[in-house]
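Asker: Input file: run10.tsv. Contents: TSV, C-alpha atoms and all ligand atoms.
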chain	number	residue	atom	x	y	z
A	1	MET	CA	184.98	3.83	-18.30
A	2	ILE	CA	182.44	4.22	-15.52
A	3	ILE	CA	183.03	6.92	-12.95
A	4	VAL	CA	181.15	5.85	-9.85
A	5	MET	CA	180.44	8.80	-7.54
A	6	LYS	CA	180.32	8.38	-3.76
A	7	GLN	CA	176.87	8.10	-2.18
A	8	ASP	CA	177.27	11.46	-0.46
A	9	ALA	CA	178.88	13.22	-3.45
A	10	SER	CA	177.50	16.71	-4.08
A	11	ALA	CA	176.11	17.98	-7.37
A	12	ALA	CA	179.15	20.25	-7.67
A	13	GLN	CA	181.48	17.24	-7.36
A	14	SER	CA	179.59	15.41	-10.11
A	15	GLU	CA	179.79	18.50	-12.29
A	16	ALA	CA	183.55	18.78	-11.69
A	17	ALA	CA	183.97	15.14	-12.78
A	18	VAL	CA	181.89	15.82	-15.91
A	19	LYS	CA	184.07	18.84	-16.73
A	20	ARG	CA	187.28	16.83	-16.30
A	21	ILE	CA	185.97	14.01	-18.52
A	22	LYS	CA	185.31	16.55	-21.27
A	23	GLU	CA	188.76	18.08	-20.84
A	24	LEU	CA	190.27	14.65	-21.37
A	25	GLY	CA	188.37	14.36	-24.67
A	26	TYR	CA	185.62	11.94	-23.59
A	27	GLU	CA	181.86	12.28	-23.69
A	28	PRO	CA	180.21	12.13	-20.25
A	29	HIS	CA	176.76	10.53	-19.83
A	30	VAL	CA	175.40	11.04	-16.34
A	31	ILE	CA	173.06	8.38	-14.98
A	32	ARG	CA	171.35	9.52	-11.81
A	33	GLY	CA	170.71	6.56	-9.55
A	34	GLN	CA	168.61	6.48	-6.41
A	35	ARG	CA	171.70	6.20	-4.22
A	36	ARG	CA	174.48	7.68	-6.30
A	37	ASP	CA	175.35	9.07	-9.71
A	38	VAL	CA	177.44	7.15	-12.17
A	39	ILE	CA	179.02	8.78	-15.18
A	40	GLY	CA	179.72	6.79	-18.32
A	41	ALA	CA	182.73	8.27	-20.14
A	42	VAL	CA	182.75	7.13	-23.74
A	43	GLY	CA	185.20	7.83	-26.51
A	44	ASP	CA	188.42	6.48	-27.94
A	45	GLU	CA	189.10	3.14	-26.25
A	46	ARG	CA	192.86	3.36	-26.74
A	47	GLY	CA	193.63	6.23	-24.37
A	48	LYS	CA	190.92	5.53	-21.82
A	49	MET	CA	193.35	4.83	-18.96
A	50	VAL	CA	193.83	8.60	-18.55
A	51	LEU	CA	190.35	8.60	-17.02
A	52	GLN	CA	191.73	6.59	-14.09
A	53	SER	CA	193.12	9.90	-12.77
A	54	LEU	CA	189.57	10.92	-11.82
A	55	GLU	CA	189.83	8.56	-8.87
A	56	SER	CA	191.75	11.24	-7.00
A	57	MET	CA	188.96	13.80	-7.37
A	58	SER	CA	186.78	14.46	-4.34
A	59	GLY	CA	183.37	12.80	-4.56
A	60	VAL	CA	184.60	10.05	-6.90
A	61	ASP	CA	184.42	6.54	-5.44
A	62	LYS	CA	186.05	4.52	-8.21
A	63	VAL	CA	186.75	4.38	-11.93
A	64	VAL	CA	186.13	1.03	-13.60
A	65	PRO	CA	186.35	-0.09	-17.21
A	66	ILE	CA	183.17	-1.04	-19.08
A	67	LEU	CA	183.91	-4.51	-20.35
A	68	ARG	CA	181.21	-4.74	-23.02
A	69	PRO	CA	181.85	-3.19	-26.44
A	70	TYR	CA	178.51	-1.40	-26.14
A	71	LYS	CA	178.77	1.02	-23.25
A	72	LEU	CA	175.65	3.08	-22.70
A	73	ALA	CA	173.41	0.14	-23.59
A	74	SER	CA	175.07	-2.11	-21.04
A	75	LEU	CA	173.83	-3.08	-17.61
A	76	GLU	CA	177.26	-2.17	-16.29
A	77	VAL	CA	176.56	1.53	-16.79
A	78	CYS	CA	172.90	1.41	-15.82
A	79	PRO	CA	172.05	-1.60	-13.63
A	80	GLN	CA	168.36	-0.66	-13.33
A	81	PRO	CA	165.95	-1.38	-16.21
A	82	SER	CA	165.16	1.76	-18.21
A	83	GLN	CA	161.60	2.87	-18.58
A	84	VAL	CA	160.69	4.64	-21.80
A	85	GLU	CA	157.72	6.97	-21.54
A	86	ILE	CA	155.83	7.35	-24.81
A	87	VAL	CA	153.14	9.70	-23.51
A	88	PRO	CA	152.00	10.13	-19.90
A	89	GLY	CA	150.57	6.78	-18.76
A	90	VAL	CA	152.18	4.71	-21.53
A	91	VAL	CA	155.56	3.50	-20.28
A	92	VAL	CA	157.55	0.68	-21.89
A	93	GLY	CA	159.73	-1.23	-19.41
A	94	GLY	CA	157.51	-0.75	-16.36
A	95	PRO	CA	155.16	-3.27	-14.74
A	96	GLU	CA	152.63	-3.00	-17.56
A	97	ILE	CA	153.10	-4.91	-20.81
A	98	ILE	CA	152.54	-2.43	-23.63
A	99	ILE	CA	150.69	-3.64	-26.71
A	100	MET	CA	151.17	-1.85	-30.05
A	101	ALA	CA	148.80	-3.05	-32.76
A	102	GLY	CA	147.59	-2.04	-36.19
A	103	PRO	CA	148.07	-2.75	-39.86
A	104	CYS	CA	151.38	-3.32	-41.58
A	105	ALA	CA	150.68	-0.30	-43.77
A	106	VAL	CA	148.28	2.63	-43.63
A	107	GLU	CA	145.96	2.22	-46.62
A	108	SER	CA	143.04	4.62	-46.10
A	109	GLU	CA	141.41	6.76	-43.42
A	110	GLU	CA	138.64	4.24	-42.97
A	111	GLN	CA	141.09	1.34	-42.59
A	112	ILE	CA	143.36	3.02	-40.03
A	113	VAL	CA	140.63	4.65	-37.94
A	114	TYR	CA	138.57	1.44	-37.86
A	115	THR	CA	141.62	-0.61	-36.84
A	116	ALA	CA	142.71	1.93	-34.23
A	117	LYS	CA	139.30	1.84	-32.58
A	118	ALA	CA	139.21	-1.96	-32.67
A	119	VAL	CA	142.66	-2.48	-31.14
A	120	LYS	CA	141.95	0.14	-28.48
A	121	ARG	CA	138.74	-1.62	-27.52
A	122	ALA	CA	140.71	-4.86	-27.18
A	123	GLY	CA	143.21	-3.19	-24.82
A	124	ALA	CA	146.11	-1.98	-27.00
A	125	GLN	CA	147.82	1.17	-25.70
A	126	MET	CA	149.47	2.11	-29.00
A	127	LEU	CA	148.69	2.05	-32.70
A	128	ARG	CA	151.14	0.84	-35.35
A	129	GLY	CA	151.02	1.52	-39.09
A	130	GLY	CA	153.62	2.02	-41.80
A	131	ALA	CA	153.54	5.11	-44.00
A	132	PHE	CA	156.96	4.38	-45.50
A	133	LYS	CA	157.37	0.69	-46.31
A	134	PRO	CA	160.77	-0.94	-46.91
A	135	ARG	CA	159.69	-3.63	-49.38
A	136	THR	CA	161.85	-6.43	-50.72
A	137	SER	CA	160.56	-5.69	-54.24
A	138	PRO	CA	160.63	-2.19	-55.73
A	139	TYR	CA	157.35	-3.08	-57.47
A	140	SER	CA	155.47	-3.68	-54.20
A	141	PHE	CA	153.38	-1.00	-52.45
A	142	GLN	CA	155.82	1.50	-50.92
A	143	GLY	CA	153.42	3.22	-48.52
A	144	MET	CA	151.31	6.38	-48.52
A	145	GLU	CA	154.20	8.51	-47.21
A	146	GLU	CA	153.17	11.88	-45.73
A	147	ASP	CA	149.48	11.26	-46.52
A	148	GLY	CA	149.78	8.11	-44.41
A	149	LEU	CA	151.27	10.09	-41.52
A	150	LYS	CA	148.31	12.48	-41.70
A	151	LEU	CA	145.90	9.55	-41.49
A	152	LEU	CA	147.76	8.17	-38.47
A	153	ASP	CA	147.37	11.59	-36.88
A	154	ILE	CA	143.61	11.45	-37.50
A	155	ALA	CA	143.43	7.97	-35.96
A	156	ARG	CA	145.36	9.27	-32.93
A	157	GLN	CA	142.93	12.16	-32.52
A	158	GLU	CA	139.94	9.83	-32.79
A	159	THR	CA	141.23	7.27	-30.29
A	160	GLY	CA	143.87	8.99	-28.16
A	161	LEU	CA	146.32	6.18	-29.03
A	162	PRO	CA	149.91	7.30	-29.63
A	163	PHE	CA	151.44	5.72	-32.73
A	164	VAL	CA	154.67	4.14	-33.91
A	165	THR	CA	155.63	4.33	-37.56
A	166	GLU	CA	158.74	3.50	-39.55
A	167	VAL	CA	161.27	5.92	-40.99
A	168	VAL	CA	163.19	4.36	-43.86
A	169	ASN	CA	165.32	7.21	-45.13
A	170	PRO	CA	167.46	9.76	-43.20
A	171	ARG	CA	165.95	12.40	-45.52
A	172	ASP	CA	162.50	11.81	-43.98
A	173	VAL	CA	163.47	11.81	-40.28
A	174	GLU	CA	162.39	15.38	-39.67
A	175	MET	CA	159.01	14.88	-41.33
A	176	VAL	CA	158.23	11.58	-39.60
A	177	ALA	CA	159.28	13.05	-36.24
A	178	ARG	CA	156.78	15.88	-36.69
A	179	TYR	CA	153.93	13.33	-36.64
A	180	ALA	CA	155.04	10.18	-34.82
A	181	ASP	CA	155.11	9.44	-31.10
A	182	VAL	CA	157.70	6.70	-31.69
A	183	LEU	CA	159.94	6.28	-34.75
A	184	GLN	CA	160.60	2.72	-35.86
A	185	VAL	CA	163.84	1.53	-37.44
A	186	GLY	CA	163.05	-1.57	-39.49
A	187	ALA	CA	165.07	-4.77	-39.59
A	188	ARG	CA	166.61	-3.81	-42.92
A	189	ASN	CA	167.96	-0.55	-41.52
A	190	VAL	CA	169.39	-1.81	-38.24
A	191	GLN	CA	172.91	-1.04	-39.44
A	192	ASN	CA	172.11	2.15	-41.32
A	193	PHE	CA	174.44	4.13	-39.10
A	194	ALA	CA	173.68	7.48	-40.73
A	195	LEU	CA	170.00	6.97	-39.91
A	196	LEU	CA	170.76	5.81	-36.36
A	197	LYS	CA	172.92	8.86	-35.68
A	198	MET	CA	170.16	11.20	-36.84
A	199	LEU	CA	167.63	9.44	-34.63
A	200	GLY	CA	170.04	9.79	-31.72
A	201	GLN	CA	169.64	13.55	-31.96
A	202	LEU	CA	165.85	13.47	-31.66
A	203	ASP	CA	163.80	13.97	-28.54
A	204	LYS	CA	161.48	11.07	-29.45
A	205	PRO	CA	161.50	7.39	-28.47
A	206	ILE	CA	162.96	5.00	-31.04
A	207	LEU	CA	161.79	1.43	-31.66
A	208	LEU	CA	164.85	-0.36	-33.00
A	209	LYS	CA	164.12	-3.70	-34.62
A	210	ARG	CA	166.69	-6.44	-34.69
A	211	GLY	CA	168.02	-7.19	-38.15
A	212	MET	CA	167.27	-10.58	-39.66
A	213	ALA	CA	170.98	-11.41	-39.57
A	214	THR	CA	172.36	-9.41	-36.68
A	215	THR	CA	173.87	-11.02	-33.61
A	216	ILE	CA	172.80	-9.73	-30.20
A	217	GLN	CA	176.12	-7.92	-29.91
A	218	GLU	CA	175.79	-6.24	-33.30
A	219	TYR	CA	172.24	-5.30	-32.40
A	220	LEU	CA	173.29	-3.66	-29.14
A	221	MET	CA	176.05	-1.80	-30.98
A	222	SER	CA	173.32	-0.35	-33.22
A	223	ALA	CA	171.40	0.77	-30.14
A	224	GLU	CA	174.64	2.32	-28.91
A	225	TYR	CA	174.74	4.55	-32.01
A	226	ILE	CA	171.45	6.14	-30.93
A	227	LEU	CA	172.36	6.36	-27.24
A	228	ALA	CA	175.79	7.85	-27.97
A	229	GLU	CA	174.13	10.80	-29.72
A	230	GLY	CA	172.19	11.58	-26.55
A	231	ASN	CA	168.81	9.92	-27.12
A	232	ARG	CA	168.22	7.57	-24.18
A	233	ARG	CA	164.73	6.48	-25.20
A	234	VAL	CA	165.47	3.30	-27.15
A	235	ILE	CA	163.16	0.26	-27.21
A	236	LEU	CA	164.49	-3.01	-28.63
A	237	CYS	CA	162.36	-5.41	-30.68
A	238	GLU	CA	163.05	-9.05	-31.50
A	239	ARG	CA	161.26	-9.80	-34.79
A	240	GLY	CA	162.71	-13.11	-35.93
A	241	ILE	CA	165.97	-13.98	-37.60
A	242	ARG	CA	166.92	-15.86	-40.78
A	243	THR	CA	167.55	-19.55	-40.31
A	244	PHE	CA	167.35	-22.63	-42.57
A	245	GLU	CA	163.71	-23.11	-41.55
A	246	THR	CA	161.13	-22.23	-44.18
A	247	ALA	CA	157.91	-23.19	-42.38
A	248	THR	CA	157.87	-19.73	-40.83
A	249	ARG	CA	158.82	-16.42	-42.44
A	250	ASN	CA	161.63	-15.99	-39.90
A	251	THR	CA	162.54	-17.88	-36.73
A	252	LEU	CA	161.47	-16.12	-33.56
A	253	ASP	CA	164.54	-16.03	-31.34
A	254	ILE	CA	162.59	-16.18	-28.12
A	255	SER	CA	165.76	-16.59	-26.08
A	256	ALA	CA	166.85	-13.16	-27.33
A	257	VAL	CA	164.46	-11.69	-24.73
A	258	PRO	CA	166.18	-13.09	-21.61
A	259	VAL	CA	169.61	-12.78	-23.25
A	260	LEU	CA	169.02	-9.07	-23.87
A	261	LYS	CA	167.68	-8.68	-20.35
A	262	GLU	CA	170.99	-10.07	-19.03
A	263	GLN	CA	173.00	-7.59	-21.07
A	264	THR	CA	171.08	-4.34	-21.36
A	265	HIS	CA	168.81	-2.07	-19.36
A	266	LEU	CA	166.80	-1.15	-22.46
A	267	PRO	CA	163.21	-2.43	-22.69
A	268	VAL	CA	162.59	-5.36	-25.05
A	269	ILE	CA	159.43	-6.03	-27.03
A	270	VAL	CA	158.60	-8.80	-29.52
A	271	ASP	CA	157.02	-8.73	-32.99
A	272	PRO	CA	155.42	-12.17	-33.49
A	273	SER	CA	153.86	-11.13	-36.83
A	274	HIS	CA	157.05	-10.66	-38.84
A	275	ALA	CA	158.71	-13.45	-36.86
A	276	THR	CA	156.22	-16.10	-38.00
A	277	GLY	CA	154.55	-14.73	-41.12
A	278	HIS	CA	151.32	-16.62	-40.31
A	279	ALA	CA	148.39	-15.20	-38.36
A	280	SER	CA	147.60	-18.62	-36.88
A	281	LEU	CA	151.00	-18.68	-35.13
A	282	VAL	CA	150.84	-15.15	-33.73
A	283	PRO	CA	148.79	-15.73	-30.53
A	284	SER	CA	150.97	-18.58	-29.22
A	285	MET	CA	154.12	-16.54	-29.87
A	286	CYS	CA	152.55	-13.59	-27.99
A	287	TYR	CA	152.02	-15.83	-24.96
A	288	ALA	CA	155.53	-17.27	-25.23
A	289	SER	CA	157.04	-13.78	-25.45
A	290	VAL	CA	155.28	-12.65	-22.31
A	291	ALA	CA	156.43	-15.81	-20.54
A	292	ALA	CA	159.99	-15.03	-21.72
A	293	GLY	CA	159.84	-11.63	-20.02
A	294	CYS	CA	159.16	-9.13	-22.80
A	295	ASP	CA	158.01	-5.60	-21.99
A	296	GLY	CA	155.58	-5.37	-24.87
A	297	LEU	CA	154.38	-6.71	-28.20
A	298	ILE	CA	153.87	-5.18	-31.63
A	299	VAL	CA	151.20	-7.07	-33.55
A	300	GLU	CA	149.82	-6.63	-37.06
A	301	VAL	CA	146.02	-6.34	-37.19
A	302	HIS	CA	143.96	-5.68	-40.33
A	303	PRO	CA	140.18	-5.46	-40.74
A	304	THR	CA	140.32	-7.54	-43.93
A	305	PRO	CA	143.67	-9.35	-44.18
A	306	GLU	CA	142.72	-10.84	-47.57
A	307	THR	CA	142.73	-7.35	-49.15
A	308	ALA	CA	145.75	-5.95	-47.24
A	309	ALA	CA	148.33	-4.10	-49.34
A	310	SER	CA	151.10	-5.80	-47.38
A	311	ASP	CA	151.54	-8.64	-44.89
A	312	GLY	CA	147.91	-9.83	-44.97
A	313	PRO	CA	148.77	-13.50	-44.22
A	314	GLN	CA	150.35	-12.58	-40.88
A	315	SER	CA	147.70	-10.04	-39.82
A	316	LEU	CA	145.12	-10.91	-37.17
A	317	ARG	CA	141.51	-9.86	-37.68
A	318	PRO	CA	140.26	-7.50	-34.94
A	319	ALA	CA	138.16	-10.30	-33.36
A	320	GLU	CA	141.17	-12.66	-33.32
A	321	PHE	CA	143.26	-9.91	-31.76
A	322	ALA	CA	140.63	-9.30	-29.06
A	323	ASP	CA	140.52	-13.03	-28.29
A	324	MET	CA	144.32	-13.18	-28.04
A	325	MET	CA	144.32	-10.18	-25.66
A	326	MET	CA	141.85	-11.89	-23.34
A	327	LYS	CA	144.09	-14.95	-23.04
A	328	LEU	CA	147.22	-12.83	-22.81
A	329	LYS	CA	145.96	-11.32	-19.56
A	330	GLU	CA	146.40	-14.71	-17.88
A	331	PHE	CA	149.96	-15.02	-19.11
A	332	ALA	CA	150.71	-11.48	-17.95
A	333	LYS	CA	149.34	-12.29	-14.52
A	334	VAL	CA	151.50	-15.37	-13.98
A	335	SER	CA	154.51	-13.41	-15.25
A	336	GLY	CA	153.93	-10.83	-12.55
A	337	ARG	CA	152.96	-8.14	-15.05
A	338	THR	CA	149.81	-6.22	-15.88
A	339	LEU	CA	148.06	-5.76	-19.19
A	340	GLY	CA	145.85	-2.83	-20.05
A	341	GLY	CA	145.91	-1.45	-16.51
A	342	ASP	CA	144.72	-4.69	-14.84
A	343	ALA	CA	146.28	-5.32	-11.47
B	1	LIG	C1	157.04	-3.69	-40.24
B	1	LIG	O1	157.01	-3.47	-39.02
B	1	LIG	O2	156.03	-3.60	-40.99
B	1	LIG	C2	158.30	-4.17	-40.84
B	1	LIG	C3	158.59	-3.97	-42.11
B	1	LIG	O3	159.06	-4.85	-39.95
B	1	LIG	P1	160.55	-5.46	-40.10
B	1	LIG	O4	161.44	-4.28	-40.32
B	1	LIG	O5	160.75	-6.13	-38.78
B	1	LIG	O6	160.52	-6.43	-41.25
B	2	MN	MN	154.62	-5.70	-41.99
In structure tokens, how does this file's structure come out?
Answerer:
Amino acid sequence: MIIVMKQDASAAQSEAAVKRIKELGYEPHVIRGQRRDVIGAVGDERGKMVLQSLESMSGVDKVVPILRPYKLASLEVCPQPSQVEIVPGVVVGGPEIIIMAGPCAVESEEQIVYTAKAVKRAGAQMLRGGAFKPRTSPYSFQGMEEDGLKLLDIARQETGLPFVTEVVNPRDVEMVARYADVLQVGARNVQNFALLKMLGQLDKPILLKRGMATTIQEYLMSAEYILAEGNRRVILCERGIRTFETATRNTLDISAVPVLKEQTHLPVIVDPSHATGHASLVPSMCYASVAAGCDGLIVEVHPTPETAASDGPQSLRPAEFADMMMKLKEFAKVSGRTLGGDA
């Protein structure tokens, strides 16, 4: 249920409503709007009508049901788009399109520092790089683990770029959170509810990738797991879904961007690298994503894709990335957005 406070409701009246929601056995989530507060009360759907009694409390305007199965992720609870601050000046969901770029996996200090400098020069605001890799084959490179996190930290110190990196196992959440600016949940873990619940208790932004076979509704229910634990800083990422088509690694569901925008306040970014699997297709999908209204992109870039430990065929070379970024500025402009601080 949504408890909509009156425009002139006092802080004490909001607090009283919060207290009553708790007494009735529901979890209150206060969203402070510019004009008024709304309180999302989430919990057991079956007895939720008891919350209707809050309508008689002073300061409460009305109590309305949330129709969507996901509550805190829905536009009903929070009609304004959410902005997720990564570090001061890097905000996902604001006017600026945020570009995260870097290799699929961290391989060496030289590789990650070189790439970080190159993507920064081209205008990226964040570095990506996997230290824990969820590979389809147990015989493939699994990542450098904590050593990889240390190298990402060095690259951050050298460039000032915050970084996003994946956490695969609930056991490693605490360690990854000690290093990372943003923790990524990969497509294969989108319904790992134990992992999502742990990430919901962190005070760090989470990049939640769509699973290769999750519907939009299932995907938003996964986001809800994180939000329900109290972590509001969730960024969604469309990265391609499984279809009958084999010409591309996955099929980029470009319409997922406007569909998500109609249903959720959470920012949405696109990963054209995993969506297509081919470097030659990445730039055009970057432009299309910006035209579709995304808030950012996460792009794989490797200094020597032919020697990459993972995902070389879909990785742009630094020069190709820089070229794509130049053209992307034009698409950002006509979409009413900025890129890399340009007005
Ligand atoms: C990745 O970002 O390197 C990755 C493994 O992505 P996904 O989970 O989308 O396949
Ligand atoms: Mn990859």
Asker: Kindly provide, as a ChimeraX atom specification, all nucleotide and amino acid residues lying within 9 Å of ligand MN 2 (chain B), counting only C-alpha atoms and all ligand atoms.
Answerer: /A:103-105,129-130,133,273-274,300,310-312,314-315
Asker: Give the residues close to ligand LIG 1 (chain B), within 6 Å, counting only C-alpha atoms and all ligand atoms; write them as a PDB file with C-alpha atoms, in the coordinates of the input.
Answerer:
ATOM      1  CA  CYS A 104     151.380  -3.320 -41.580  1.00  0.00           C
ATOM      2  CA  GLY A 186     163.050  -1.570 -39.490  1.00  0.00           C
ATOM      3  CA  ALA A 187     165.070  -4.770 -39.590  1.00  0.00           C
ATOM      4  CA  ARG A 188     166.610  -3.810 -42.920  1.00  0.00           C
ATOM      5  CA  LYS A 209     164.120  -3.700 -34.620  1.00  0.00           C
ATOM      6  CA  ARG A 239     161.260  -9.800 -34.790  1.00  0.00           C
ATOM      7  CA  HIS A 274     157.050 -10.660 -38.840  1.00  0.00           C
TER       8      HIS A 274
END
Asker: Considering only C-alpha atoms, return as an mmCIF file with C-alpha atoms, in the frame of the given file whatever protein or nucleic-acid residues lie within 7 Å of Thr264 (chain A), sequence-local ones (same chain, fewer than 6 positions apart) excluded.
Answerer:
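Just written: part.cif:
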data_model
loop_
_atom_site.group_PDB
_atom_site.id
_atom_site.type_symbol
_atom_site.label_atom_id
_atom_site.label_comp_id
_atom_site.auth_asym_id
_atom_site.auth_seq_id
_atom_site.Cartn_x
_atom_site.Cartn_y
_atom_site.Cartn_z
ATOM 1 C CA ALA A 73 173.410 0.140 -23.590
ATOM 2 C CA SER A 74 175.070 -2.110 -21.040
ATOM 3 C CA LEU A 75 173.830 -3.080 -17.610
#
Asker: Neighbouring residues of region 45-57 of chain A were defined as those with any atom within 8 Å, considering all atoms listed in the file; residues of the same chain fewer than 4 positions away were excluded. Please report them as a list in words.
Answerer: Met1, Ile3, Ala17, Arg20, Ile21, Leu24, Asp61, Lys62, Val63 and Val64 of chain A
Asker: Need the neighbours of (174.9, -2.8, -29.2): which residues are at most 10 Å away, counting all atoms listed in the file, as number ranges by chain?
Answerer: A: 68-74, 215-227, 263-264
Asker: Around (140.9, 7.4, -34.5), as given in the file, which residues come within 12 Å? Count all atoms listed in the file and list them as a VMD selection string.
Answerer: chain A and resid 102 109 to 121 126 to 127 150 to 163
Asker: For Val92 (chain A), find every residue with an atom within 8 Å (counting all atoms listed in the file), except residues of its own chain fewer than 3 positions away, and show them as a list of chain:residue names.
Answerer: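 The residues that qualify are A:Gln83, A:Val84, A:Glu85, A:Ile86, A:Glu96, A:Ile97, A:Ile98, A:Ile235, A:Pro267, A:Asp295, A:Gly296.
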